[in-house]
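Data from structure_38.cif: mmCIF, C-alpha atoms
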data_model
loop_
_atom_site.label_atom_id
_atom_site.label_comp_id
_atom_site.auth_asym_id
_atom_site.auth_seq_id
_atom_site.Cartn_x
_atom_site.Cartn_y
_atom_site.Cartn_z
CA MET A 1 35.57 106.39 20.43
CA LEU A 2 33.37 103.50 21.59
CA ALA A 3 34.24 101.03 18.86
CA ALA A 4 34.09 97.24 19.13
CA ARG A 5 36.76 95.69 21.35
CA PRO A 6 37.24 92.30 23.05
CA GLU A 7 35.26 93.26 26.18
CA SER A 8 32.56 94.95 24.08
CA PRO A 9 32.06 92.96 20.86
CA ARG A 10 29.89 93.94 17.91
CA MET A 11 26.10 93.57 18.19
CA PHE A 12 24.97 95.06 14.87
CA ASP A 13 26.24 94.83 11.28
CA SER A 14 25.91 98.59 10.82
CA ASP A 15 28.93 100.49 12.19
CA PHE A 16 26.67 103.46 12.95
CA VAL A 17 24.10 101.47 14.95
CA ASP A 18 26.78 99.40 16.67
CA PHE A 19 28.60 102.56 17.75
CA PHE A 20 25.47 103.93 19.42
CA SER A 21 24.76 100.61 21.14
CA ARG A 22 27.52 101.51 23.61
CA THR A 23 26.96 103.97 26.43
CA PRO A 24 29.66 105.10 28.92
CA TRP A 25 28.48 105.26 32.54
CA TRP A 26 29.24 108.98 32.91
CA SER A 27 26.72 109.91 30.21
CA ILE A 28 23.85 109.10 32.58
CA PRO A 29 24.48 111.76 35.27
CA LEU A 30 25.71 114.16 32.57
CA PHE A 31 22.45 113.86 30.61
CA TRP A 32 19.85 113.22 33.30
CA GLY A 33 21.35 115.22 36.17
CA PRO A 34 20.42 118.68 34.82
CA ILE A 35 16.98 117.45 33.74
CA SER A 36 16.09 115.92 37.11
CA THR A 37 17.42 118.94 39.02
CA GLY A 38 15.67 121.34 36.65
CA LEU A 39 12.32 119.63 37.18
CA ALA A 40 12.65 119.86 40.96
CA VAL A 41 13.69 123.52 40.78
CA TYR A 42 10.84 124.28 38.40
CA GLY A 43 8.34 122.86 40.87
CA LEU A 44 9.86 124.89 43.67
CA VAL A 45 10.36 128.23 41.91
CA SER A 46 7.90 128.47 39.02
CA LEU A 47 4.96 126.61 40.52
CA GLY A 48 5.35 128.08 43.99
CA VAL A 49 5.52 124.76 45.84
CA THR A 50 7.06 125.14 49.29
CA TRP A 51 10.54 123.70 49.76
CA TYR A 52 9.40 121.00 52.18
CA PHE A 53 6.66 119.77 49.84
CA THR A 54 9.11 119.88 46.95
CA ALA A 55 11.56 117.79 49.00
CA LEU A 56 8.79 115.33 49.85
CA GLN A 57 7.78 115.03 46.19
CA VAL A 58 11.39 114.37 45.19
CA VAL A 59 11.78 111.68 47.86
CA LEU A 60 8.48 110.02 46.88
CA GLY A 61 9.52 110.09 43.22
CA ALA A 62 12.83 108.40 44.06
CA ILE A 63 11.04 105.74 46.11
CA PHE A 64 8.59 105.10 43.29
CA TRP A 65 11.55 104.67 40.96
CA THR A 66 12.75 101.69 43.05
CA LEU A 67 9.38 99.98 42.51
CA SER A 68 9.43 100.83 38.80
CA GLU A 69 13.00 99.55 38.53
CA TYR A 70 11.91 96.24 40.05
CA TRP A 71 8.93 95.78 37.74
CA LEU A 72 10.70 96.94 34.57
CA HIS A 73 13.49 94.46 35.28
CA ARG A 74 11.08 91.65 36.14
CA THR A 75 8.70 92.20 33.20
CA LEU A 76 10.01 94.21 30.22
CA PHE A 77 13.68 93.27 30.58
CA HIS A 78 12.93 89.57 31.04
CA TRP A 79 10.11 89.39 28.50
CA GLU A 80 11.11 86.96 25.77
CA PRO A 81 8.32 85.99 23.33
CA ASP A 82 8.72 82.70 21.52
CA ASN A 83 9.61 84.14 18.11
CA ALA A 84 12.71 85.50 16.38
CA PHE A 85 11.73 89.15 16.80
CA GLY A 86 10.97 88.67 20.48
CA ARG A 87 14.26 86.92 21.15
CA ARG A 88 16.17 89.67 19.34
CA PHE A 89 14.26 92.38 21.23
CA HIS A 90 15.04 90.71 24.54
CA TYR A 91 18.71 90.37 23.65
CA ILE A 92 19.07 94.04 22.69
CA VAL A 93 17.16 95.33 25.72
CA HIS A 94 18.67 93.10 28.40
CA GLY A 95 19.91 89.72 27.22
CA VAL A 96 23.21 91.17 26.05
CA HIS A 97 23.94 92.22 29.63
CA HIS A 98 23.50 88.65 30.84
CA ASP A 99 25.62 87.25 28.00
CA LEU A 100 28.34 89.92 28.14
CA ILE A 101 28.30 90.63 31.85
CA ASN A 102 31.71 92.33 31.82
CA ASP A 103 30.91 94.71 28.94
CA PRO A 104 31.24 98.16 30.57
CA TYR A 105 29.50 99.94 27.68
CA ARG A 106 26.29 97.94 27.52
CA LEU A 107 25.33 98.21 31.16
CA VAL A 108 23.55 101.58 31.38
CA MET A 109 20.58 102.63 29.25
CA PRO A 110 21.38 104.80 26.21
CA PRO A 111 19.83 108.25 26.81
CA ALA A 112 17.72 108.03 23.63
CA ALA A 113 16.04 104.84 24.87
CA GLY A 114 15.79 106.33 28.36
CA VAL A 115 13.91 109.36 26.99
CA ILE A 116 11.31 107.07 25.42
CA ILE A 117 10.72 105.17 28.66
CA ALA A 118 10.75 108.36 30.75
CA SER A 119 8.14 109.91 28.42
CA PHE A 120 5.68 107.12 29.22
CA PHE A 121 6.09 107.80 32.93
CA TRP A 122 5.85 111.58 32.48
CA PHE A 123 2.59 111.41 30.56
CA GLY A 124 1.32 108.78 32.98
CA TYR A 125 1.97 111.13 35.90
CA LYS A 126 0.34 114.01 34.03
CA GLY A 127 -2.74 111.89 33.40
CA LEU A 128 -2.88 110.78 37.03
CA ALA A 129 -2.47 114.39 38.16
CA THR A 130 -5.44 115.40 35.99
CA LEU A 131 -7.61 112.70 37.56
CA MET A 132 -6.51 113.73 41.06
CA ALA A 133 -6.83 117.48 40.41
CA PRO A 134 -10.12 117.88 42.34
CA TRP A 135 -8.31 116.76 45.51
CA ILE A 136 -4.58 117.41 44.94
CA ALA A 137 -3.08 120.25 42.89
CA PRO A 138 -1.14 118.88 39.88
CA THR A 139 1.93 120.93 40.84
CA TRP A 140 3.49 117.76 42.29
CA VAL A 141 4.38 116.29 38.89
CA PRO A 142 7.68 118.11 38.04
CA ALA A 143 9.38 117.54 41.41
CA PHE A 144 8.06 113.97 41.60
CA MET A 145 9.44 113.28 38.12
CA GLY A 146 12.71 114.94 39.12
CA GLY A 147 13.01 112.59 42.09
CA PHE A 148 12.06 109.64 39.89
CA LEU A 149 14.91 110.49 37.50
CA MET A 150 17.32 110.96 40.39
CA GLY A 151 16.39 107.45 41.47
CA TYR A 152 17.11 106.27 37.95
CA ILE A 153 20.56 107.91 37.99
CA ALA A 154 21.32 106.19 41.30
CA TYR A 155 20.14 102.88 39.81
CA ASP A 156 22.46 103.05 36.80
CA MET A 157 25.41 104.22 38.89
CA ILE A 158 24.91 101.47 41.48
CA HIS A 159 24.41 98.89 38.74
CA TYR A 160 27.65 99.94 37.07
CA ALA A 161 29.48 99.91 40.40
CA THR A 162 28.30 96.40 41.26
CA HIS A 163 29.98 95.16 38.07
CA HIS A 164 33.01 97.37 37.61
CA VAL A 165 34.04 99.06 40.87
CA LYS A 166 35.94 97.58 43.80
CA LEU A 167 33.42 98.29 46.53
CA LYS A 168 34.27 98.88 50.17
CA ASN A 169 30.91 100.06 51.51
CA LYS A 170 29.08 97.19 53.29
CA TRP A 171 25.65 98.14 51.92
CA LEU A 172 26.95 98.30 48.35
CA LYS A 173 28.70 94.97 48.83
CA LYS A 174 25.38 93.43 49.89
CA LEU A 175 23.68 94.91 46.82
CA ARG A 176 26.40 93.45 44.61
CA GLN A 177 26.00 90.02 46.23
CA HIS A 178 22.23 90.26 45.72
CA HIS A 179 22.66 91.20 42.05
CA MET A 180 25.30 88.58 41.31
CA LYS A 181 22.90 85.91 42.55
CA HIS A 182 20.50 87.15 39.84
CA HIS A 183 23.23 86.67 37.23
CA PHE A 184 24.82 83.45 38.43
CA GLY A 185 22.00 81.86 40.41
CA ASP A 186 18.33 82.13 39.46
CA SER A 187 17.76 84.85 36.83
CA GLU A 188 14.04 84.82 37.67
CA LYS A 189 14.73 86.15 41.16
CA ARG A 190 16.42 89.19 42.76
CA PHE A 191 15.33 91.88 40.31
CA GLY A 192 16.12 94.83 42.57
CA ILE A 193 19.34 96.76 41.97
CA THR A 194 19.20 99.70 44.39
CA THR A 195 17.25 97.91 47.13
CA PHE A 196 16.23 94.44 48.33
CA VAL A 197 12.85 95.69 49.58
CA TRP A 198 10.66 94.86 46.59
CA ASP A 199 12.19 91.41 46.17
CA ARG A 200 11.20 90.73 49.76
CA VAL A 201 7.73 92.21 49.31
CA PHE A 202 7.03 90.17 46.16
CA ARG A 203 8.94 87.08 47.36
CA THR A 204 11.52 86.94 44.61
CA ILE A 205 14.54 86.84 46.91
#
Can you give me the file's structure in the form of structure tokens?
Amino acid sequence: MLAARPESPRMFDSDFVDFFSRTPWWSIPLFWGPISTGLAVYGLVSLGVTWYFTALQVVLGAIFWTLSEYWLHRTLFHWEPDNAFGRRFHYIVHGVHHDLINDPYRLVMPPAAGVIIASFFWFGYKGLATLMAPWIAPTWVPAFMGGFLMGYIAYDMIHYATHHVKLKNKWLKKLRQHHMKHHFGDSEKRFGITTFVWDRVFRTI
């Protein structure tokens, strides 16, 4: 049971709400893994997209996730309006992670909140596909979204690992160093978690 404990103190007065403010890392692949895989398989089998185009759509979706990850972190997660509601919103969404950096249960996005964010992207892709339909068949959306969600899973797993796993891989160690500089250096820089690329592109490194 994910109750309050020294490394994961209470955030809400309500026991019910506070309980659901904690999310174990393994819930992310458990919840999103079948959905992301199902979307890719649906594009391949039900929509008749060839395997190589399906693979390309998945890869492009995962790459687009890395850009979305960067901008969500830089904008939504670090948006803090100058009012009580805004400060509370920021704290719940992301500020708690900066304040309680060693809390292992408030590091990955609760699936319910993830569904809301993912829905915006899904309908955005559907709208874009409709606009592009005269030139490109809209069959790309499911596999692209599947790849996007696979990128998200990788993001949360890498983020968890940079905080709570003893890493031996050199690339993961570099990602952890990059992320720790965001926490303990300048919090308005180094927004990437799974890659340094967008920080370099947008000069926030």
Env of stretch 105-116 of chain A: 12 Å cut, atoms = all atoms listed in the file, seq-sep filter 6 positions within chain, self excluded. Answer as a ChimeraX atom specification. /A:1-11,18-33,35,77,91-99,122-123,149,152-164
Keeping only C-alpha atoms, write the selected residues as a CSV table (one decimal), in the coordinates of the input.
chain,number,residue,atom,x,y,z
A,1,MET,CA,35.6,106.4,20.4
A,2,LEU,CA,33.4,103.5,21.6
A,3,ALA,CA,34.2,101.0,18.9
A,4,ALA,CA,34.1,97.2,19.1
A,5,ARG,CA,36.8,95.7,21.4
A,6,PRO,CA,37.2,92.3,23.0
A,7,GLU,CA,35.3,93.3,26.2
A,8,SER,CA,32.6,95.0,24.1
A,9,PRO,CA,32.1,93.0,20.9
A,10,ARG,CA,29.9,93.9,17.9
A,11,MET,CA,26.1,93.6,18.2
A,18,ASP,CA,26.8,99.4,16.7
A,19,PHE,CA,28.6,102.6,17.8
A,20,PHE,CA,25.5,103.9,19.4
A,21,SER,CA,24.8,100.6,21.1
A,22,ARG,CA,27.5,101.5,23.6
A,23,THR,CA,27.0,104.0,26.4
A,24,PRO,CA,29.7,105.1,28.9
A,25,TRP,CA,28.5,105.3,32.5
A,26,TRP,CA,29.2,109.0,32.9
A,27,SER,CA,26.7,109.9,30.2
A,28,ILE,CA,23.8,109.1,32.6
A,29,PRO,CA,24.5,111.8,35.3
A,30,LEU,CA,25.7,114.2,32.6
A,31,PHE,CA,22.4,113.9,30.6
A,32,TRP,CA,19.8,113.2,33.3
A,33,GLY,CA,21.4,115.2,36.2
A,35,ILE,CA,17.0,117.4,33.7
A,77,PHE,CA,13.7,93.3,30.6
A,91,TYR,CA,18.7,90.4,23.6
A,92,ILE,CA,19.1,94.0,22.7
A,93,VAL,CA,17.2,95.3,25.7
A,94,HIS,CA,18.7,93.1,28.4
A,95,GLY,CA,19.9,89.7,27.2
A,96,VAL,CA,23.2,91.2,26.0
A,97,HIS,CA,23.9,92.2,29.6
A,98,HIS,CA,23.5,88.6,30.8
A,99,ASP,CA,25.6,87.2,28.0
A,122,TRP,CA,5.8,111.6,32.5
A,123,PHE,CA,2.6,111.4,30.6
A,149,LEU,CA,14.9,110.5,37.5
A,152,TYR,CA,17.1,106.3,38.0
A,153,ILE,CA,20.6,107.9,38.0
A,154,ALA,CA,21.3,106.2,41.3
A,155,TYR,CA,20.1,102.9,39.8
A,156,ASP,CA,22.5,103.0,36.8
A,157,MET,CA,25.4,104.2,38.9
A,158,ILE,CA,24.9,101.5,41.5
A,159,HIS,CA,24.4,98.9,38.7
A,160,TYR,CA,27.6,99.9,37.1
A,161,ALA,CA,29.5,99.9,40.4
A,162,THR,CA,28.3,96.4,41.3
A,163,HIS,CA,30.0,95.2,38.1
A,164,HIS,CA,33.0,97.4,37.6
Please evaluate the PyMOL selection byres ((chain A and resi 141) around 12) against the displayed coordinates and give the resulting residues as an MDAnalysis selection string. chainID A and resid 36 39:44 47 49 53:54 56:58 60:61 121:130 132:133 136:140 142:148
Since we have the selection now, will you write its residues out, keeping C-alpha atoms, as a short mmCIF file (atom, residue, chain, number, x, y, z; two decimals), in the coordinates of the input?
data_model
loop_
_atom_site.label_atom_id
_atom_site.label_comp_id
_atom_site.auth_asym_id
_atom_site.auth_seq_id
_atom_site.Cartn_x
_atom_site.Cartn_y
_atom_site.Cartn_z
CA SER A 36 16.09 115.92 37.11
CA LEU A 39 12.32 119.63 37.18
CA ALA A 40 12.65 119.86 40.96
CA VAL A 41 13.69 123.52 40.78
CA TYR A 42 10.84 124.28 38.40
CA GLY A 43 8.34 122.86 40.87
CA LEU A 44 9.86 124.89 43.67
CA LEU A 47 4.96 126.61 40.52
CA VAL A 49 5.52 124.76 45.84
CA PHE A 53 6.66 119.77 49.84
CA THR A 54 9.11 119.88 46.95
CA LEU A 56 8.79 115.33 49.85
CA GLN A 57 7.78 115.03 46.19
CA VAL A 58 11.39 114.37 45.19
CA LEU A 60 8.48 110.02 46.88
CA GLY A 61 9.52 110.09 43.22
CA PHE A 121 6.09 107.80 32.93
CA TRP A 122 5.85 111.58 32.48
CA PHE A 123 2.59 111.41 30.56
CA GLY A 124 1.32 108.78 32.98
CA TYR A 125 1.97 111.13 35.90
CA LYS A 126 0.34 114.01 34.03
CA GLY A 127 -2.74 111.89 33.40
CA LEU A 128 -2.88 110.78 37.03
CA ALA A 129 -2.47 114.39 38.16
CA THR A 130 -5.44 115.40 35.99
CA MET A 132 -6.51 113.73 41.06
CA ALA A 133 -6.83 117.48 40.41
CA ILE A 136 -4.58 117.41 44.94
CA ALA A 137 -3.08 120.25 42.89
CA PRO A 138 -1.14 118.88 39.88
CA THR A 139 1.93 120.93 40.84
CA TRP A 140 3.49 117.76 42.29
CA PRO A 142 7.68 118.11 38.04
CA ALA A 143 9.38 117.54 41.41
CA PHE A 144 8.06 113.97 41.60
CA MET A 145 9.44 113.28 38.12
CA GLY A 146 12.71 114.94 39.12
CA GLY A 147 13.01 112.59 42.09
CA PHE A 148 12.06 109.64 39.89
#
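When only C-alpha atoms are used to compute distances to A:Trp198, the closest of the residues A:Val17, A:Met180, A:Ile63, A:Val165 turns out to be A:Ile63.
Computed from the coordinates, the atom CA of A:Arg190 to atom CA of A:Gly86 distance equals 22.9 Å.
Computed from the coordinates, the atom CA of A:Leu72 to atom CA of A:Gly192 distance equals 9.9 Å.
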In Å, with one decimal, what is the gap from atom CA of A:His178 to atom CA of A:Ile193? 8.0 Å
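Across A:Phe64, A:Phe12, A:Phe120, A:Tyr70, the tightest approach to A:Phe191 is made by A:Tyr70 when counting all atoms listed in the file.
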Protein/DNA/RNA residues near (14.8, 106.4, 46.7), cut 7 Å, all atoms listed in the file, as a list of chain:residue names: A:Val59, A:Ala62, A:Ile63, A:Trp65, A:Thr66, A:Gly151
